[in-house]
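Asker: Structure supplied as my_file36.csv; contents: CSV, C-alpha atoms.
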chain,number,residue,atom,x,y,z
A,1,MET,CA,-8.8,7.0,13.5
A,2,ASN,CA,-12.1,8.1,14.9
A,3,SER,CA,-15.0,7.6,12.5
A,4,GLN,CA,-16.2,11.2,13.1
A,5,GLU,CA,-12.8,12.4,12.0
A,6,ASN,CA,-12.6,10.5,8.8
A,7,VAL,CA,-12.3,13.1,6.0
A,8,PHE,CA,-14.1,10.9,3.4
A,9,SER,CA,-16.8,9.5,5.6
A,10,GLY,CA,-19.9,9.3,3.5
A,11,ILE,CA,-18.0,9.1,0.2
A,12,LYS,CA,-18.8,6.0,-1.8
A,13,VAL,CA,-16.3,4.6,-4.2
A,14,VAL,CA,-16.8,1.8,-6.7
A,15,GLU,CA,-13.6,0.1,-7.9
A,16,LEU,CA,-13.5,-2.0,-11.0
A,17,ALA,CA,-9.7,-2.4,-11.2
A,18,THR,CA,-7.0,-5.0,-11.0
A,19,TYR,CA,-3.4,-5.4,-9.9
A,20,VAL,CA,-1.8,-2.4,-8.1
A,21,ALA,CA,-1.9,1.1,-9.5
A,22,ALA,CA,-5.7,1.9,-9.5
A,23,PRO,CA,-6.5,-0.2,-6.4
A,24,CYS,CA,-3.8,1.7,-4.6
A,25,ALA,CA,-6.0,4.8,-5.1
A,26,GLY,CA,-9.0,3.0,-3.8
A,27,ARG,CA,-7.0,1.9,-0.7
A,28,TYR,CA,-6.2,5.6,0.0
A,29,PHE,CA,-9.9,6.5,0.2
A,30,ALA,CA,-10.7,3.5,2.3
A,31,ASP,CA,-8.0,4.5,4.7
A,32,LEU,CA,-9.7,7.8,5.2
A,33,GLY,CA,-13.2,6.6,5.8
A,34,ALA,CA,-14.7,6.2,2.3
A,35,SER,CA,-16.9,3.2,1.6
A,36,VAL,CA,-14.9,1.4,-1.1
A,37,VAL,CA,-16.4,-1.6,-2.9
A,38,LYS,CA,-14.1,-3.6,-5.1
A,39,ILE,CA,-15.7,-5.6,-8.0
A,40,GLU,CA,-14.0,-8.8,-9.0
A,41,GLY,CA,-14.8,-11.6,-11.4
A,42,PHE,CA,-15.4,-15.0,-10.0
A,43,GLY,CA,-11.7,-15.9,-10.4
A,44,GLY,CA,-10.6,-12.9,-8.4
A,45,ASP,CA,-8.2,-10.1,-9.2
A,46,PRO,CA,-5.0,-11.6,-10.8
A,47,LEU,CA,-3.0,-9.8,-8.0
A,48,ARG,CA,-4.2,-12.7,-5.8
A,49,THR,CA,-2.0,-15.1,-7.8
A,50,THR,CA,1.4,-13.3,-7.4
A,51,ALA,CA,2.6,-15.0,-4.2
A,52,PRO,CA,5.1,-17.4,-5.9
A,53,SER,CA,6.9,-14.5,-7.7
A,54,GLU,CA,7.4,-12.7,-4.3
A,55,GLY,CA,8.5,-15.8,-2.4
A,56,ARG,CA,5.3,-15.9,-0.3
A,57,PRO,CA,3.0,-18.8,0.4
A,58,SER,CA,-0.2,-18.9,-1.7
A,59,ASP,CA,-2.6,-18.6,1.2
A,60,PRO,CA,-5.8,-16.6,0.8
A,61,TYR,CA,-5.9,-16.2,4.5
A,62,GLU,CA,-2.5,-14.5,4.6
A,63,ASP,CA,-1.9,-12.3,1.5
A,64,THR,CA,0.2,-9.3,2.4
A,65,THR,CA,0.4,-8.0,-1.2
A,66,TRP,CA,-3.4,-8.1,-1.5
A,67,ASP,CA,-3.8,-6.2,1.8
A,68,LEU,CA,-1.3,-3.5,0.8
A,69,GLU,CA,-3.5,-2.5,-2.0
A,70,ASN,CA,-7.0,-3.4,-0.8
A,71,ALA,CA,-7.1,-3.0,3.0
A,72,GLY,CA,-10.3,-1.6,4.3
A,73,LYS,CA,-12.4,-2.4,1.2
A,74,LYS,CA,-15.5,-4.5,0.7
A,75,GLY,CA,-15.6,-7.0,-2.1
A,76,ILE,CA,-18.3,-8.3,-4.4
A,77,ALA,CA,-17.8,-10.9,-7.1
A,78,LEU,CA,-19.9,-10.2,-10.2
A,79,ASN,CA,-20.5,-11.6,-13.7
A,80,LEU,CA,-20.4,-8.4,-15.7
A,81,LYS,CA,-20.9,-10.2,-19.0
A,82,ASP,CA,-24.5,-10.8,-18.0
A,83,PRO,CA,-26.9,-7.8,-18.2
A,84,ALA,CA,-28.1,-8.6,-14.7
A,85,GLY,CA,-24.5,-8.3,-13.4
A,86,LYS,CA,-24.2,-5.0,-15.3
A,87,ASP,CA,-27.4,-3.8,-13.7
A,88,VAL,CA,-25.9,-4.4,-10.2
A,89,LEU,CA,-22.9,-2.3,-11.2
A,90,PHE,CA,-25.2,0.5,-12.4
A,91,LYS,CA,-27.1,0.4,-9.1
A,92,MET,CA,-23.8,0.8,-7.3
A,93,LEU,CA,-23.0,3.8,-9.5
A,94,ASP,CA,-26.4,5.3,-8.8
A,95,GLU,CA,-25.1,5.9,-5.2
A,96,ALA,CA,-21.4,6.4,-5.9
A,97,ASP,CA,-19.3,9.5,-5.8
A,98,VAL,CA,-16.3,8.0,-7.5
A,99,PHE,CA,-15.7,5.2,-10.1
A,100,ILE,CA,-12.1,3.9,-10.3
A,101,THR,CA,-11.1,1.6,-13.2
A,102,ASN,CA,-8.0,0.5,-15.1
A,103,TRP,CA,-9.8,-1.3,-17.9
A,104,ARG,CA,-8.4,-0.4,-21.3
A,105,SER,CA,-10.4,2.2,-23.2
A,106,ASP,CA,-11.6,-0.2,-25.9
A,107,ALA,CA,-12.8,-2.7,-23.3
A,108,LEU,CA,-14.7,0.1,-21.4
A,109,LEU,CA,-16.3,1.2,-24.7
A,110,ARG,CA,-17.4,-2.3,-25.5
A,111,ALA,CA,-18.9,-2.7,-22.1
A,112,GLY,CA,-20.7,0.6,-22.2
A,113,LEU,CA,-18.6,1.9,-19.3
A,114,ASP,CA,-16.6,4.5,-21.2
A,115,TYR,CA,-16.7,8.1,-19.8
A,116,GLU,CA,-18.9,9.6,-22.5
A,117,THR,CA,-21.6,7.0,-21.8
A,118,ILE,CA,-21.3,7.1,-18.0
A,119,LYS,CA,-21.3,10.8,-17.6
A,120,VAL,CA,-24.7,11.1,-19.4
A,121,ARG,CA,-26.2,8.7,-16.8
A,122,TYR,CA,-24.2,10.0,-13.8
A,123,PRO,CA,-23.3,13.6,-14.4
A,124,LYS,CA,-22.0,14.2,-10.9
A,125,LEU,CA,-19.7,11.1,-10.8
A,126,ILE,CA,-15.9,11.3,-10.6
A,127,TYR,CA,-14.6,8.9,-13.2
A,128,ALA,CA,-11.0,8.0,-12.5
A,129,HIS,CA,-9.1,6.1,-15.2
A,130,LEU,CA,-5.6,4.6,-14.8
A,131,THR,CA,-3.9,3.7,-18.1
A,132,GLY,CA,-0.6,2.4,-19.3
A,133,TYR,CA,0.3,5.0,-21.9
A,134,GLY,CA,-2.4,7.6,-21.9
A,135,GLU,CA,-5.8,7.9,-23.6
A,136,LEU,CA,-4.6,9.2,-26.9
A,137,GLY,CA,-1.9,8.3,-29.4
A,138,PRO,CA,-0.9,5.1,-31.3
A,139,ASP,CA,-0.2,3.1,-28.1
A,140,LYS,CA,-3.3,4.0,-26.0
A,141,ASP,CA,-4.7,0.5,-26.1
A,142,LEU,CA,-1.5,-1.4,-25.4
A,143,PRO,CA,-1.5,-3.5,-22.1
A,144,GLY,CA,0.5,-1.5,-19.6
A,145,PHE,CA,2.3,-2.7,-16.5
A,146,ASP,CA,4.9,-0.8,-14.4
A,147,PHE,CA,7.6,-3.2,-15.9
A,148,THR,CA,6.8,-2.0,-19.4
A,149,ALA,CA,5.0,1.4,-19.4
A,150,PHE,CA,6.8,2.8,-16.4
A,151,PHE,CA,10.3,1.3,-16.2
A,152,ALA,CA,11.0,0.5,-19.9
A,153,ARG,CA,9.0,3.1,-21.9
A,154,GLY,CA,9.4,5.7,-19.1
A,155,GLY,CA,13.2,5.8,-19.4
A,156,TRP,CA,14.3,4.0,-16.2
A,157,LEU,CA,15.4,0.6,-17.5
A,158,GLY,CA,17.5,2.0,-20.3
A,159,THR,CA,19.4,4.6,-18.2
A,160,LEU,CA,19.7,3.8,-14.5
A,161,TYR,CA,22.4,1.3,-14.4
A,162,GLU,CA,26.2,1.2,-14.7
A,163,LYS,CA,27.2,1.6,-18.3
A,164,GLY,CA,28.5,-1.6,-19.7
A,165,SER,CA,26.6,-3.8,-17.2
A,166,ASP,CA,23.2,-5.4,-17.4
A,167,PRO,CA,20.1,-3.3,-16.7
A,168,MET,CA,18.7,-3.3,-13.1
A,169,ASN,CA,16.4,-6.0,-11.8
A,170,LEU,CA,12.9,-4.7,-11.9
A,171,VAL,CA,10.4,-4.9,-9.0
A,172,ALA,CA,6.7,-4.8,-9.1
A,173,GLY,CA,4.7,-2.0,-7.6
A,174,LEU,CA,7.2,0.9,-7.7
A,175,GLY,CA,5.6,2.7,-10.7
A,176,ASP,CA,2.1,1.5,-9.8
A,177,HIS,CA,2.2,3.2,-6.4
A,178,GLN,CA,3.3,6.5,-7.8
A,179,ALA,CA,0.5,6.4,-10.4
A,180,GLY,CA,-2.0,5.4,-7.8
A,181,LEU,CA,-1.2,8.2,-5.5
A,182,TYR,CA,-1.4,10.7,-8.3
A,183,LEU,CA,-4.8,9.3,-9.2
A,184,SER,CA,-5.8,9.8,-5.6
A,185,ALA,CA,-4.8,13.5,-5.8
A,186,GLY,CA,-6.8,13.9,-9.0
A,187,ILE,CA,-9.9,12.3,-7.4
A,188,MET,CA,-9.6,14.5,-4.4
A,189,SER,CA,-9.3,17.6,-6.6
A,190,SER,CA,-12.4,16.5,-8.6
A,191,LEU,CA,-14.4,15.9,-5.4
A,192,TYR,CA,-13.7,19.4,-4.3
A,193,LYS,CA,-14.8,20.7,-7.7
A,194,ALA,CA,-18.0,18.6,-7.5
A,195,GLU,CA,-18.8,20.0,-4.1
A,196,LYS,CA,-18.5,23.5,-5.4
A,197,THR,CA,-20.1,23.1,-8.8
A,198,GLY,CA,-22.2,19.9,-8.7
A,199,GLN,CA,-20.4,18.6,-11.8
A,200,GLY,CA,-18.5,15.4,-12.2
A,201,GLU,CA,-15.1,15.0,-13.8
A,202,LYS,CA,-12.9,12.6,-15.6
A,203,VAL,CA,-9.4,12.0,-14.0
A,204,THR,CA,-6.7,10.2,-16.0
A,205,VAL,CA,-3.3,9.1,-14.9
A,206,SER,CA,-0.9,7.0,-16.9
A,207,LEU,CA,2.1,4.9,-15.8
A,208,TYR,CA,4.2,6.3,-18.7
A,209,HIS,CA,3.5,9.9,-17.7
A,210,CYS,CA,4.3,9.2,-14.1
A,211,ALA,CA,7.6,7.6,-15.1
A,212,ILE,CA,8.9,10.5,-17.2
A,213,TYR,CA,7.6,13.1,-14.7
A,214,ALA,CA,9.5,11.3,-11.9
A,215,LEU,CA,12.6,11.4,-14.0
A,216,GLY,CA,11.8,14.9,-15.3
A,217,LEU,CA,15.0,16.6,-14.2
A,218,LEU,CA,17.1,14.2,-16.3
A,219,VAL,CA,14.7,13.7,-19.1
A,220,GLN,CA,14.7,17.5,-19.7
A,221,SER,CA,18.5,17.6,-19.4
A,222,ALA,CA,19.0,15.1,-22.3
A,223,GLN,CA,18.3,18.0,-24.7
A,224,TYR,CA,21.5,19.6,-23.4
A,225,GLY,CA,23.6,16.5,-24.0
A,226,ASN,CA,23.3,14.8,-20.5
A,227,HIS,CA,23.0,11.3,-21.7
A,228,TYR,CA,22.6,8.1,-19.7
A,229,PRO,CA,23.6,5.3,-18.9
A,230,ILE,CA,27.0,6.4,-17.5
A,231,ASN,CA,29.7,5.0,-15.3
A,232,LYS,CA,29.8,6.0,-11.6
A,233,ARG,CA,33.1,7.8,-12.3
A,234,ASP,CA,31.3,9.9,-15.0
A,235,MET,CA,28.8,11.4,-12.5
A,236,LEU,CA,29.1,15.2,-12.9
A,237,ASN,CA,29.0,15.6,-9.1
A,238,PRO,CA,31.1,12.8,-7.6
A,239,PHE,CA,29.5,13.4,-4.2
A,240,MET,CA,26.2,12.0,-5.5
A,241,ASN,CA,27.4,8.4,-5.7
A,242,ALA,CA,27.1,5.2,-3.7
A,243,PHE,CA,30.3,3.8,-2.3
A,244,LYS,CA,31.4,0.4,-0.8
A,245,THR,CA,32.6,0.2,2.7
A,246,SER,CA,35.3,-2.1,4.2
A,247,ASP,CA,32.5,-4.4,5.4
A,248,GLU,CA,31.0,-4.6,1.9
A,249,ARG,CA,28.0,-2.4,2.5
A,250,LEU,CA,26.9,0.5,0.3
A,251,ILE,CA,26.6,4.1,1.5
A,252,GLN,CA,24.8,6.7,-0.7
A,253,LEU,CA,26.1,10.2,-0.4
A,254,ALA,CA,24.1,13.2,-1.4
A,255,MET,CA,25.8,16.6,-1.5
A,256,PRO,CA,24.3,18.5,-4.4
A,257,PRO,CA,25.8,21.9,-3.4
A,258,TYR,CA,29.3,20.6,-4.3
A,259,ASN,CA,31.1,23.9,-3.5
A,260,VAL,CA,29.6,24.0,0.0
A,261,PHE,CA,30.6,20.5,1.0
A,262,PHE,CA,33.9,20.2,-0.8
A,263,PRO,CA,36.2,21.8,1.9
A,264,LYS,CA,34.6,19.9,4.7
A,265,PHE,CA,34.6,16.6,2.9
A,266,MET,CA,38.2,16.9,1.7
A,267,LYS,CA,39.1,17.3,5.4
A,268,ILE,CA,37.1,14.2,6.4
A,269,ILE,CA,38.9,12.1,3.8
A,270,GLY,CA,42.3,13.3,4.7
A,271,GLN,CA,42.9,15.6,1.7
A,272,PRO,CA,42.6,19.2,3.2
A,273,GLU,CA,45.2,20.5,0.8
A,274,LEU,CA,42.7,20.2,-2.0
A,275,LYS,CA,40.1,22.5,-0.5
A,276,ASN,CA,41.3,25.6,-2.3
A,277,ASP,CA,42.8,23.9,-5.4
A,278,PRO,CA,41.2,25.6,-8.4
A,279,LYS,CA,41.1,22.3,-10.3
A,280,TYR,CA,38.7,20.8,-7.8
A,281,CYS,CA,37.0,23.4,-5.6
A,282,ASP,CA,34.6,24.9,-8.1
A,283,PHE,CA,31.8,22.8,-9.5
A,284,GLU,CA,31.4,25.0,-12.6
A,285,THR,CA,34.9,24.2,-13.8
A,286,LEU,CA,35.4,20.8,-12.3
A,287,GLY,CA,34.8,18.9,-15.5
A,288,GLU,CA,36.9,15.7,-16.0
A,289,ASN,CA,38.6,16.4,-12.7
A,290,SER,CA,35.5,15.0,-11.0
A,291,LYS,CA,36.9,11.5,-11.7
A,292,HIS,CA,39.9,12.1,-9.5
A,293,ILE,CA,37.7,13.3,-6.6
A,294,TYR,CA,35.5,10.2,-7.1
A,295,ASP,CA,38.6,8.0,-6.9
A,296,LEU,CA,39.8,9.7,-3.7
A,297,VAL,CA,36.3,9.3,-2.0
A,298,ASN,CA,36.0,5.7,-3.3
A,299,ASP,CA,39.4,4.8,-1.8
A,300,TYR,CA,38.5,6.5,1.5
A,301,MET,CA,35.1,4.8,1.9
A,302,LYS,CA,36.8,1.4,1.6
A,303,THR,CA,38.9,2.0,4.6
A,304,LYS,CA,36.1,2.1,7.2
A,305,THR,CA,33.0,0.1,8.2
A,306,VAL,CA,29.4,1.3,7.9
A,307,ALA,CA,29.4,2.0,11.6
A,308,GLU,CA,32.6,4.0,11.5
A,309,HIS,CA,31.3,6.1,8.6
A,310,ARG,CA,28.0,6.6,10.3
A,311,GLU,CA,29.6,8.1,13.4
A,312,ILE,CA,31.7,10.5,11.3
A,313,PHE,CA,28.9,11.6,8.9
A,314,VAL,CA,26.4,12.2,11.7
A,315,LYS,CA,29.0,14.3,13.6
A,316,GLU,CA,29.9,16.3,10.5
A,317,ASP,CA,26.3,16.6,9.3
A,318,ILE,CA,27.0,14.9,6.0
A,319,PRO,CA,23.9,13.7,4.1
A,320,TYR,CA,24.2,10.0,3.7
A,321,ALA,CA,22.2,6.8,4.0
A,322,ILE,CA,23.1,3.1,4.3
A,323,ALA,CA,21.7,1.0,1.4
A,324,GLN,CA,19.3,-1.1,3.4
A,325,LEU,CA,18.0,-4.5,2.5
A,326,TRP,CA,14.3,-5.1,2.6
A,327,GLU,CA,14.5,-7.3,5.7
A,328,GLU,CA,16.4,-4.5,7.5
A,329,ILE,CA,13.5,-2.1,6.7
A,330,LEU,CA,11.1,-4.4,8.5
A,331,GLU,CA,13.2,-4.0,11.7
A,332,ASP,CA,14.1,-0.3,11.2
A,333,GLU,CA,13.5,1.6,14.4
A,334,GLN,CA,13.0,4.8,12.4
A,335,ALA,CA,10.2,3.2,10.4
A,336,TRP,CA,8.5,1.9,13.4
A,337,ALA,CA,8.8,5.1,15.4
A,338,ASN,CA,7.0,7.0,12.6
A,339,ASP,CA,4.3,4.3,12.1
A,340,PHE,CA,5.4,3.6,8.6
A,341,LEU,CA,4.9,-0.1,9.5
A,342,CYS,CA,2.3,-1.9,11.4
A,343,SER,CA,1.4,-5.4,12.5
A,344,LEU,CA,-1.6,-7.3,11.3
A,345,LYS,CA,-2.9,-10.6,12.7
A,346,TYR,CA,-4.3,-12.9,10.0
A,347,ASP,CA,-7.2,-15.3,10.2
A,348,ASN,CA,-4.7,-18.2,10.1
A,349,GLY,CA,-3.1,-17.0,13.3
A,350,ASN,CA,0.1,-15.5,11.8
A,351,THR,CA,1.1,-11.9,12.5
A,352,ARG,CA,2.9,-10.1,9.7
A,353,THR,CA,4.4,-6.6,9.2
A,354,LEU,CA,2.6,-4.4,6.6
A,355,LEU,CA,3.2,-0.9,5.3
A,356,ARG,CA,1.0,2.0,5.7
A,357,GLN,CA,0.4,4.5,2.9
A,358,PRO,CA,2.8,7.5,3.2
A,359,ILE,CA,0.4,10.3,4.0
A,360,LYS,CA,-0.2,11.0,7.7
A,361,PHE,CA,-2.6,13.4,9.5
A,362,LYS,CA,-1.8,14.7,12.9
A,363,GLU,CA,-5.4,15.4,14.0
A,364,MET,CA,-7.2,12.5,12.3
A,365,GLY,CA,-4.6,10.0,13.5
A,366,LEU,CA,-3.8,6.6,12.0
A,367,PRO,CA,-6.4,4.7,10.1
A,368,GLU,CA,-7.4,1.3,11.3
A,369,TYR,CA,-5.6,-1.4,9.2
A,370,THR,CA,-8.1,-4.2,8.3
A,371,ARG,CA,-7.3,-6.9,5.8
A,372,GLY,CA,-8.6,-6.7,2.2
A,373,PRO,CA,-11.7,-8.7,1.3
A,374,TYR,CA,-11.8,-12.3,0.2
A,375,VAL,CA,-13.3,-12.9,-3.2
A,376,GLY,CA,-17.0,-12.1,-2.9
A,377,GLU,CA,-16.8,-11.8,0.8
A,378,HIS,CA,-19.3,-8.9,1.0
A,379,SER,CA,-21.5,-9.8,-2.0
A,380,LEU,CA,-24.6,-10.4,0.0
A,381,GLU,CA,-24.0,-7.3,2.1
A,382,VAL,CA,-23.6,-5.1,-0.9
A,383,LEU,CA,-26.6,-6.4,-2.7
A,384,ARG,CA,-28.8,-5.9,0.4
A,385,GLU,CA,-27.5,-2.3,0.8
A,386,LEU,CA,-28.5,-1.7,-2.8
A,387,GLY,CA,-32.1,-2.7,-1.9
A,388,TYR,CA,-32.3,-6.2,-3.5
A,389,SER,CA,-34.8,-8.4,-1.8
A,390,ASN,CA,-34.0,-11.9,-0.5
A,391,GLU,CA,-36.0,-13.3,-3.5
A,392,GLU,CA,-34.1,-11.2,-6.0
A,393,ILE,CA,-30.8,-12.2,-4.4
A,394,SER,CA,-31.7,-15.9,-4.6
A,395,GLU,CA,-32.5,-15.5,-8.2
A,396,LEU,CA,-29.3,-13.7,-9.0
A,397,LYS,CA,-27.3,-16.4,-7.2
A,398,ASP,CA,-29.1,-19.2,-9.0
A,399,LYS,CA,-28.2,-17.5,-12.3
A,400,ARG,CA,-24.6,-17.2,-11.2
A,401,ILE,CA,-24.7,-13.4,-11.4
A,402,PHE,CA,-22.6,-13.2,-8.2
A,403,VAL,CA,-20.8,-15.6,-5.9
A,404,GLU,CA,-19.9,-15.5,-2.3
A,405,TRP,CA,-16.6,-16.4,-0.6
A,406,ASP,CA,-18.2,-19.5,0.9
A,407,ASP,CA,-19.0,-20.7,-2.6
A,408,ILE,CA,-15.4,-20.4,-3.6
A,409,LYS,CA,-13.6,-21.6,-0.5
A,410,ASN,CA,-15.7,-24.8,-0.4
A,411,LYS,CA,-14.9,-25.8,-3.9
Please re-express this file's structure in structure tokens.
Answerer:
Amino acid sequence: MNSQENVFSGIKVVELATYVAAPCAGRYFADLGASVVKIEGFGGDPLRTTAPSEGRPSDPYEDTTWDLENAGKKGIALNLKDPAGKDVLFKMLDEADVFITNWRSDALLRAGLDYETIKVRYPKLIYAHLTGYGELGPDKDLPGFDFTAFFARGGWLGTLYEKGSDPMNLVAGLGDHQAGLYLSAGIMSSLYKAEKTGQGEKVTVSLYHCAIYALGLLVQSAQYGNHYPINKRDMLNPFMNAFKTSDERLIQLAMPPYNVFFPKFMKIIGQPELKNDPKYCDFETLGENSKHIYDLVNDYMKTKTVAEHREIFVKEDIPYAIAQLWEEILEDEQAWANDFLCSLKYDNGNTRTLLRQPIKFKEMGLPEYTRGPYVGEHSLEVLRELGYSNEEISELKDKRIFVEWDDIKNK
């Protein structure tokens, strides 16, 4: 991406956030040319410690998870418990357009970083706050992760599994990324407002709200008696299921207009005589007869391999997808052809595959993918850009107001 084409060139973002959701929003702005400075404590963002839970080596010089959320940012390590550290933050906000945080509301209030305090000092600032459960209500100050606020409270964990079996295995980041991209959209809208009016704005997004909005079709349908979890045979539309093949793979079908696909699919599975059968051909009156159609499709799918099904479904224009494993995604020709993936060479010499954010621009092109910052890697650079003299910087360092990466790596 040419720097002259970067849509957010000149925009300054200060990020005081940990883990995935809020930093994901900061990463989006860094991708599009904004100057994003991430503030960490001396121990670093806890996201840096998650490697064992993901089966990765704990190597600060090769941290794919960190880079997924923090590529393209600068990093400063500050002691915000000291007034001098807080002063550095305020100097950063003096020049900032956007402030992103996921601190809990009570912590922000204690630190004097709540919106009502900040907007008095910085009336043009966009204040973006990512929470677990929202800013109001009895649970507003509960700790929120996507495992809890998104998956559990948000209705995924208790519904999206085969009735009678154990709930699904949860994975980190799924809810976080949804929330982070919504936060990005809110920030962009607020920047547009600020450009027109000169006034700042507070943007809030919660994991809980993102979860129930993502499931909105079914959450709303619960008031009509559509209750989950269910068994696969109980799906109202049997053509919306995943089926096993003869080589033990899963294929997901997706034919929401049941009546449109029914005649064609009955011919494919060798049941053409059913295409005009009133018990089965009309979705409005299908009812319990859907179980019989499910059984017919299930039996048919077991007779062929993935490759055989693929050939038939492509020829007949049947919406389907093979349930891929993660390692297959990393080699998927479709993903590489569309630049969903990229290669990054690390400072330790290894080259790894990383994912790009899912929004692409034809004219601006692809952003350069540079690794995220080491803890305190740009502390000196940021302080100098803020106008601190060498003497002031030395004094701050002596008082342990900030640290550099060299201080940490040499311990």
Asker: Place a sphere of radius 8 Å on (-2.0, 6.2, -16.6) in the file coordinates and name every protein, DNA or RNA residue with an atom inside or on its surface, counting only C-alpha atoms; give the answer as an MDAnalysis selection string.
Answerer: chainID A and resid 129:134 179 204:210
Asker: So how many Å separate atom CA of A:Glu195 and atom CA of A:Asp114, to one decimal?
Answerer: 23.2 Å
Asker: Tell me which protein, DNA and RNA residues are within 8 Å of A:Gly72, counting all atoms listed in the file, leaving out same-chain ones fewer than 3 positions away, and put them as a PyMOL selection string.
Answerer: chain A and resi 27+30-31+36+369-373
Asker: Quick check, in Å to one decimal: how far apart do atom CA of A:Val297 and atom CA of A:Gln220 lie?
Answerer: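 We find that atom CA of A:Val297 and atom CA of A:Gln220 lie 29.1 Å from each other.
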Asker: With distances taken over all atoms listed in the file, which residue among A:Ile268, A:Ile39, A:Cys281, A:Leu142 lies nearest A:Ile100?
Answerer: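 Smallest distance to A:Ile100 is found for A:Ile39.
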Asker: Considering all atoms listed in the file, can you say which of A:Gly164, A:Gly387, A:Pro83, A:Pro256 comes closest to A:Ile230?
Answerer: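 Counting all atoms listed in the file, the residue closest to A:Ile230 is A:Gly164.
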Asker: Need the shell around A:Gln271: protein/DNA/RNA residues with any atom at most 9 Å away, counting only C-alpha atoms. Skip same-chain ones fewer than 5 positions apart. Format as an MDAnalysis selection string?
Answerer: chainID A and resid 265:266 296
Asker: List the neighbours of A:Trp156 out to 12 Å using only C-alpha atoms; skip same-chain residues closer than 3 positions along the sequence, and give me the result as a list in words.
Answerer: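 Near A:Trp156, the qualifying residues are Asp146, Phe147, Thr148, Ala149, Phe150, Phe151, Ala152, Arg153, Thr159, Leu160, Tyr161, Pro167, Met168, Asn169, Leu170, Leu174, Gly175, Tyr208, Cys210, Ala211, Ile212, Tyr213, Ala214, Leu215, Gly216, Leu218, Val219, Tyr228 and Pro229 of chain A.
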Asker: Take the residues that were just selected and, keeping C-alpha atoms, output them as a PDB file, keeping the file's coordinate frame.
Answerer:
ATOM      1  CA  ASP A 146       4.900  -0.800 -14.400  1.00  0.00           C
ATOM      2  CA  PHE A 147       7.600  -3.200 -15.900  1.00  0.00           C
ATOM      3  CA  THR A 148       6.800  -2.000 -19.400  1.00  0.00           C
ATOM      4  CA  ALA A 149       5.000   1.400 -19.400  1.00  0.00           C
ATOM      5  CA  PHE A 150       6.800   2.800 -16.400  1.00  0.00           C
ATOM      6  CA  PHE A 151      10.300   1.300 -16.200  1.00  0.00           C
ATOM      7  CA  ALA A 152      11.000   0.500 -19.900  1.00  0.00           C
ATOM      8  CA  ARG A 153       9.000   3.100 -21.900  1.00  0.00           C
ATOM      9  CA  THR A 159      19.400   4.600 -18.200  1.00  0.00           C
ATOM     10  CA  LEU A 160      19.700   3.800 -14.500  1.00  0.00           C
ATOM     11  CA  TYR A 161      22.400   1.300 -14.400  1.00  0.00           C
ATOM     12  CA  PRO A 167      20.100  -3.300 -16.700  1.00  0.00           C
ATOM     13  CA  MET A 168      18.700  -3.300 -13.100  1.00  0.00           C
ATOM     14  CA  ASN A 169      16.400  -6.000 -11.800  1.00  0.00           C
ATOM     15  CA  LEU A 170      12.900  -4.700 -11.900  1.00  0.00           C
ATOM     16  CA  LEU A 174       7.200   0.900  -7.700  1.00  0.00           C
ATOM     17  CA  GLY A 175       5.600   2.700 -10.700  1.00  0.00           C
ATOM     18  CA  TYR A 208       4.200   6.300 -18.700  1.00  0.00           C
ATOM     19  CA  CYS A 210       4.300   9.200 -14.100  1.00  0.00           C
ATOM     20  CA  ALA A 211       7.600   7.600 -15.100  1.00  0.00           C
ATOM     21  CA  ILE A 212       8.900  10.500 -17.200  1.00  0.00           C
ATOM     22  CA  TYR A 213       7.600  13.100 -14.700  1.00  0.00           C
ATOM     23  CA  ALA A 214       9.500  11.300 -11.900  1.00  0.00           C
ATOM     24  CA  LEU A 215      12.600  11.400 -14.000  1.00  0.00           C
ATOM     25  CA  GLY A 216      11.800  14.900 -15.300  1.00  0.00           C
ATOM     26  CA  LEU A 218      17.100  14.200 -16.300  1.00  0.00           C
ATOM     27  CA  VAL A 219      14.700  13.700 -19.100  1.00  0.00           C
ATOM     28  CA  TYR A 228      22.600   8.100 -19.700  1.00  0.00           C
ATOM     29  CA  PRO A 229      23.600   5.300 -18.900  1.00  0.00           C
TER      30      PRO A 229
END
Asker: Within 7 Å of A:Glu15, counting all atoms listed in the file, which residues show up once you throw out same-chain ones fewer than 4 positions away? Write them as a list in words, please.
Answerer: Gly26, Val37, Lys38, Ile39, Phe99, Ile100 and Thr101 of chain A
Asker: Could you pull the residues within 10 Å of A:Ser184, counting only C-alpha atoms, minus those fewer than 2 positions along the same chain, as a list in words?
Answerer: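 Here the answer would be Ala22, Cys24, Ala25, Gly26, Arg27, Tyr28, Phe29, Ile100, Ala128, Gln178, Ala179, Gly180, Leu181, Tyr182, Gly186, Ile187, Met188, Ser189, Ser190, Val203 and Val205 of chain A.
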Asker: Which residue is closest to A:Leu386? Choose from A:Asp176, A:Asp94, A:Glu363, A:Asp45 and count all atoms listed in the file.
Answerer: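 For A:Leu386, the nearest of the candidates is A:Asp94.
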